[in-house]
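Trainee: My questions all concern the structure below.
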Amino acid sequence: SVKQHVVRKFLGLISSHNIPVYLIDPLVLGLVDKDIEQIKSSPGGPSLECKYFCAPRDFTTFALLDKTWKHEVGLFRTAEKMGFQWLKIINKDPRLDGMDDLSGIEIPLHYIFKLASHAIHLVVFYERSGNYLWHGPLRLKQHMDRKFVPFRKLHFGRYPGAYEKPELLLISIDDLKVQIPKNPSSFLEEMSHSRFLECRYREARAFFQLYPDDASLDAVEFRKKAKSLLHLAALTLNNLGVKFWLSSGTCLGWYRQCNVIPHSKDVDLGVFIRDYKADIIPAFQKAGLPLKHKFGKVEDSLELSFQGEDDVKLDIFFFYEEDDHIWNGGTQAKSGKKFKYLFPKFTLCWTEFVELKVHVPCETLQYVEANYGPDWKIPVKTWDWKSSPSNVQYNGVWPIDEWDDVIQIY
């Protein structure tokens, strides 16, 4: 098979240059995953049929960790001698972006090696400060040959992606030795939710030109505490396997100014009610964050608040899904009045915020506008949770005989 032949030649090419790559091709990994126990236990002798690399596809995709390789020129010379045509796609390095620098230094993001009718897509992964791996989008420059390969069929590159660092496993399939993620099915699951959004530094800079940042000691202290609270909350929820995202003012801070809003006084997270677990409260208490209040109940308007360091608190809002919208609830403790906040449906993307890989709504602008209205770019220092949000609705009153259960303050 041409496909197997091209993969064999490519693996020969990169091993002659001591470049460690691993297989991330979703099609091949899906086939491998079905037979993983058998593959692990087989000695890897000659196989009669080509089962994995001969599956019909235009590409085979491999990953390369940037820090494991630097010898570019020699590799391409050897590739050409072996009959490969190649293409290198470079773009801006987002790790260098910040408030003070939008230098736009370019780094290699993707390589494509083509031989006969098959191509190898090599995706370059970079380590980022939240201790995760990131790959960039595949954007062709003006002068590039758009017919070099069928780019639209590529599995990686439509948008940037974020991944945990995988443990690798060396296997033998179709008479070829390759490294793969140790748990192919969890890698494929991760791949389906890997989309990454970069913080909007240009817009944040424009925002701070209009509204200079608060550099007071109080603001610096608060941001430090909010960052450590967010890291602790992420650790706690991740250990429980509870998916969460930046919500309310914390989401606005990320989207508008790439930072925690210094006058916000708390950290806000969202969780879908379907992901609720009864051990959330004990897990936070064990992490040193006592419960401050619990409003609502799992069936309706649940909201938890935990006390962090000094007066910084962590609010977790639980979101309920209806046919055409999503909402979370609010409760006024002294009157038992209920409120609900309506949002258009959204999906979750990864981002990096205060050196943490964390989820935000992919449709961030609609999410922020629902909550803060069209004037979300203008800072507001006085905020009333019952009347200020654009998406708030009155939602009745809790029956008095339920108050002990639905209004708990500690």
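Identifiers in this document derive from the order of the structure tokens: chains are assigned A, B, ..., residues are numbered from 1 separately in each chain, and ligands are numbered from 1 in order of occurrence.
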Excluding Ile120 in chain A and any residue of its chain fewer than 2 positions from it, enumerate the residues within 7 Å of it, using only C-alpha atoms, and give them as a ChimeraX atom specification.
Mentor: /A:59-61,112-114,122
Trainee: Since we have the selection now, will you write its residues out, keeping C-alpha atoms, as a PDB file, in the first residue's frame?
Mentor:
```pdb
ATOM      1  CA  PHE A  59      -2.944  11.904   5.409  1.00  0.00           C
ATOM      2  CA  THR A  60      -1.324  10.299   8.384  1.00  0.00           C
ATOM      3  CA  THR A  61      -0.890  12.688  11.307  1.00  0.00           C
ATOM      4  CA  ILE A 112       3.545  18.558   5.603  1.00  0.00           C
ATOM      5  CA  PHE A 113       5.596  15.912   3.769  1.00  0.00           C
ATOM      6  CA  LYS A 114       4.124  14.577   0.524  1.00  0.00           C
ATOM      7  CA  LEU A 122       3.385  16.774  11.397  1.00  0.00           C
TER       8      LEU A 122
END
```
Trainee: Excluding Cys50 in chain A and its own-chain neighbours fewer than 3 positions away, which residues fall within 12 Å of it when counting only C-alpha atoms? Please give them as a PyMOL selection string.
Mentor: chain A and resi 1-5+28+46-47+53-56+172-176
Trainee: Identify which of the residues A:Leu252, A:Leu269, A:Val260, A:Cys349 lies closest to Leu365 in chain A, counting only C-alpha atoms when measuring atom-to-atom distances.
Mentor: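 Among the listed residues, the smallest separation from Leu365 in chain A belongs to A:Leu252.
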Trainee: Which polymer residues have any atom within 6 Å of an atom of range 333-342 of chain A, counting only C-alpha atoms, with same-chain residues fewer than 2 positions away left out, as number ranges by chain?
Mentor: A: 326-331, 391-398
Trainee: Find, counting only C-alpha atoms, the residue in A:Gln142, A:Asn239, A:Asn91, A:Gln285 that gets nearest to Ser305 in chain A.
Mentor: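 Once distances to Ser305 in chain A are computed over only C-alpha atoms, the minimum belongs to A:Gln285.
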Trainee: Let's see if you can do this: from backbone DSSP, list all helix (DSSP H, G or I) residues in range 100-189 of chain A, as a VMD selection string.
Mentor: chain A and resid 151 to 153 184 to 189
Trainee: Those selected residues, please, written with N, CA, C and O atoms and delivered as a PDB file, in the first residue's frame.
Mentor:
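Result file follows (again-v4.pdb):
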```
ATOM      1  N   PHE A 151      -6.125  20.516   2.085  1.00  0.00           N
ATOM      2  CA  PHE A 151      -5.984  21.068   3.445  1.00  0.00           C
ATOM      3  C   PHE A 151      -7.260  20.966   4.272  1.00  0.00           C
ATOM      4  O   PHE A 151      -7.211  20.785   5.478  1.00  0.00           O
ATOM      5  N   ARG A 152      -8.406  21.079   3.598  1.00  0.00           N
ATOM      6  CA  ARG A 152      -9.676  21.083   4.346  1.00  0.00           C
ATOM      7  C   ARG A 152      -9.932  19.761   5.073  1.00  0.00           C
ATOM      8  O   ARG A 152     -10.730  19.702   5.983  1.00  0.00           O
ATOM      9  N   LYS A 153      -9.263  18.722   4.626  1.00  0.00           N
ATOM     10  CA  LYS A 153      -9.490  17.411   5.254  1.00  0.00           C
ATOM     11  C   LYS A 153      -8.608  17.179   6.480  1.00  0.00           C
ATOM     12  O   LYS A 153      -8.730  16.159   7.144  1.00  0.00           O
ATOM     13  N   PRO A 184      -5.365   5.706  23.896  1.00  0.00           N
ATOM     14  CA  PRO A 184      -5.853   6.335  22.655  1.00  0.00           C
ATOM     15  C   PRO A 184      -7.268   6.881  22.785  1.00  0.00           C
ATOM     16  O   PRO A 184      -7.568   7.956  22.262  1.00  0.00           O
ATOM     17  N   SER A 185      -8.155   6.165  23.512  1.00  0.00           N
ATOM     18  CA  SER A 185      -9.551   6.633  23.546  1.00  0.00           C
ATOM     19  C   SER A 185      -9.663   7.951  24.305  1.00  0.00           C
ATOM     20  O   SER A 185     -10.425   8.835  23.922  1.00  0.00           O
ATOM     21  N   SER A 186      -8.870   8.118  25.385  1.00  0.00           N
ATOM     22  CA  SER A 186      -8.993   9.403  26.092  1.00  0.00           C
ATOM     23  C   SER A 186      -8.334  10.526  25.285  1.00  0.00           C
ATOM     24  O   SER A 186      -8.768  11.671  25.328  1.00  0.00           O
ATOM     25  N   PHE A 187      -7.301  10.205  24.476  1.00  0.00           N
ATOM     26  CA  PHE A 187      -6.728  11.227  23.591  1.00  0.00           C
ATOM     27  C   PHE A 187      -7.754  11.665  22.543  1.00  0.00           C
ATOM     28  O   PHE A 187      -7.915  12.855  22.269  1.00  0.00           O
ATOM     29  N   LEU A 188      -8.475  10.693  21.980  1.00  0.00           N
ATOM     30  CA  LEU A 188      -9.486  11.021  20.952  1.00  0.00           C
ATOM     31  C   LEU A 188     -10.632  11.833  21.551  1.00  0.00           C
ATOM     32  O   LEU A 188     -11.167  12.747  20.918  1.00  0.00           O
ATOM     33  N   GLU A 189     -10.982  11.516  22.792  1.00  0.00           N
ATOM     34  CA  GLU A 189     -12.017  12.288  23.496  1.00  0.00           C
ATOM     35  C   GLU A 189     -11.523  13.727  23.726  1.00  0.00           C
ATOM     36  O   GLU A 189     -12.251  14.696  23.500  1.00  0.00           O
TER      37      GLU A 189
END
```
Trainee: Which of these, A:Leu75, A:Leu314, A:Val360, A:Val178, has the shortest distance to Phe284 in chain A once you count only C-alpha atoms?
Mentor: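 Using only C-alpha atoms, Phe284 in chain A sits closest to A:Leu314.
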Trainee: I'd like the neighbourhood of range 223-226 of chain A as a PyMOL selection string, where a residue qualifies if any of its atoms comes within 8 Å (using only C-alpha atoms), though same-chain residues fewer than 5 positions away should be ignored.
Mentor: chain A and resi 260-262+266-267+309+312
Trainee: Write the selection just made, keeping N, CA, C and O atoms, as a tab-separated table (two decimals), in the first residue's frame?
Mentor:
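The result, written out as selection-v7.tsv:
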```
chain	number	residue	atom	x	y	z
A	260	VAL	N	-7.64	39.47	35.99
A	260	VAL	CA	-8.69	39.54	37.00
A	260	VAL	C	-9.08	41.00	37.18
A	260	VAL	O	-8.22	41.88	37.26
A	261	ILE	N	-10.38	41.29	37.23
A	261	ILE	CA	-10.84	42.67	37.48
A	261	ILE	C	-10.59	42.98	38.96
A	261	ILE	O	-11.14	42.30	39.84
A	262	PRO	N	-9.76	43.99	39.27
A	262	PRO	CA	-9.33	44.17	40.66
A	262	PRO	C	-10.44	44.55	41.64
A	262	PRO	O	-10.34	44.25	42.81
A	266	ASP	N	-14.29	38.71	43.98
A	266	ASP	CA	-14.51	37.26	44.07
A	266	ASP	C	-14.08	36.58	42.78
A	266	ASP	O	-13.73	37.23	41.80
A	267	VAL	N	-14.13	35.25	42.79
A	267	VAL	CA	-13.82	34.45	41.61
A	267	VAL	C	-15.10	33.69	41.26
A	267	VAL	O	-15.74	33.10	42.13
A	309	GLU	N	-9.06	33.20	51.01
A	309	GLU	CA	-8.19	33.98	51.90
A	309	GLU	C	-8.75	35.39	52.10
A	309	GLU	O	-9.19	36.04	51.15
A	312	VAL	N	-11.74	37.29	49.99
A	312	VAL	CA	-11.93	36.83	48.60
A	312	VAL	C	-12.75	35.54	48.62
A	312	VAL	O	-12.40	34.59	49.29
```
Trainee: Report as a ChimeraX atom specification all protein, DNA and RNA residues lying within 10 Å of Met144 in chain A, evaluated on only C-alpha atoms, omitting residues in the same chain fewer than 5 positions from it.
Mentor: /A:87-89,139
